[in-house]
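Undergrad: Dumping the structure here so I can ask a few things about it.
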Amino acid sequence: MSEQPLKGIIAYPITPFDPDTGAVDHDALRRLTDRLVTTGSHAVAPLGSAGESAYLGEAEWDAVCETVLNTVNGRVPTLVGVAHLTTEGTVRRARVAARLGADAVMVLPQVYWKLTEAELARHFAEVAAATDLPIMLYNNPGTSGTDLLPETIVKLARDIPNLTMVKESSGDVARFTALRELSEGALSVYNGNNPVALDAFRAGAAGWCTAAPCLVPDWTLQLYTAAIRGQDERADAILAELLPFLHFIVGHGLPRAIKAGLQLHDRPAGPPRAPLLPLPDKETRQLQDLLDRLGSQPCLDSDVLDVLDVLTGPTTP
């Protein structure tokens, strides 16, 4: 693709579960997904770690994918996380996502055994060959146990034509520049590490993949807008206010923290799925304080709204 298929704020919806039956709550998922679009997210990325993808059965995974894509209904691009422990399972999910209308798929190398470079290369190549969709390679050593260095990623991309994007979540900001330079600009790079969002934009990241818009969409958009406009003082001030919240949701686990925050906002999404437990009461009170602080600050101003109109266009089908 000659242009970046994704840019800006790429929002993760969590996967709501019915608190009584434990089944996926598709009505709550539709409401959450629609709200991500209507509050200005530039893309929606279901079925990553925030969406508890690893804890879903295959029929559940397919149903969540379909619900999100149908709800988005082409209003913004969609990036579906297709990671599975096996190559066969990842290929199957990539094909389902393509059939249901995803714009791109994201591949995290979920591993039990540590994979060799040859095994990783074969895995990504087989998944990429299963669909014509653009592929985002997801490097997150904290969850996958595998750290793919820029040199390795660029080598993979040279052999896999539709591997055009990298989501870098190691927290090493220097890698954003390295990936762009080593690939001679062929790879679009995205940040998946919340606390370094501003540094990532300043290093040339095309977008920020985050669950924060589930709770504070205005703040994430304000940060992005200030960053792309080069409003350094404003961007620094926004990040200073937002950073304690970002550290909290990362430190306590996105499914726990985001679901607790949704409950506090009277938008229940049920508990996380076992073995995860809900956020404890003490931490929930801390989250309430953080959300209250952000809620008491000025929200979107006219400048931000102007930028949202340009970047997102109409927010209704």
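All residue names refer to the structure tokens as shown: chains lettered A, B, ... in order, residues numbered from 1 in each chain, ligands numbered from 1 in order.
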Would you kindly return, as a PyMOL selection string, each protein, DNA or RNA residue with an atom no farther than 8 Å from any atom of stretch 73-84 of chain A, considering only C-alpha atoms and excluding same-chain residues fewer than 5 positions away?

TA: chain A and resi 5-6+37+42-48+54+65+89-91+93-94+97+102-110+312+314-317

Undergrad: Could you find all residues in stretch 149-180 of chain A that DSSP calls strand (DSSP E) from the backbone, and write them as an NGL selection string?

TA: :A and (163-168)

Undergrad: Nearest residue to A:Pro280 out of A:Arg31, A:Arg256, A:His265, A:His247, using only C-alpha atoms?

TA: A:Arg256

Undergrad: For the alpha helix (DSSP H) assignment from backbone DSSP, which residues of stretch 87-281 of chain A qualify? Please present them as a ChimeraX atom specification.

TA: /A:87-100,117-129,141-144,150-159,174-182,197-202,217-228,232-251,254-264,281

Undergrad: So, counting only C-alpha atoms, which residue among A:Gly142, A:Leu262, A:Tyr55, A:Lys114 is closest to A:Gly171?

TA: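 Ranked by minimum distance to A:Gly171, first place goes to A:Gly142.
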
Undergrad: Find the residue from A:Ala28, A:Leu115, A:Thr152, A:Ile238 that sits nearest to A:Asp266; use only C-alpha atoms when measuring.

TA: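 Looking only at the distances to A:Asp266, the closest residue turns out to be A:Ala28.
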
Undergrad: Between atom CA of A:Ala157 and atom CA of A:Ala212, what is the spacing in Å?

TA: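 Straight-line distance from atom CA of A:Ala212 to atom CA of A:Ala157 works out to 29.3 Å.
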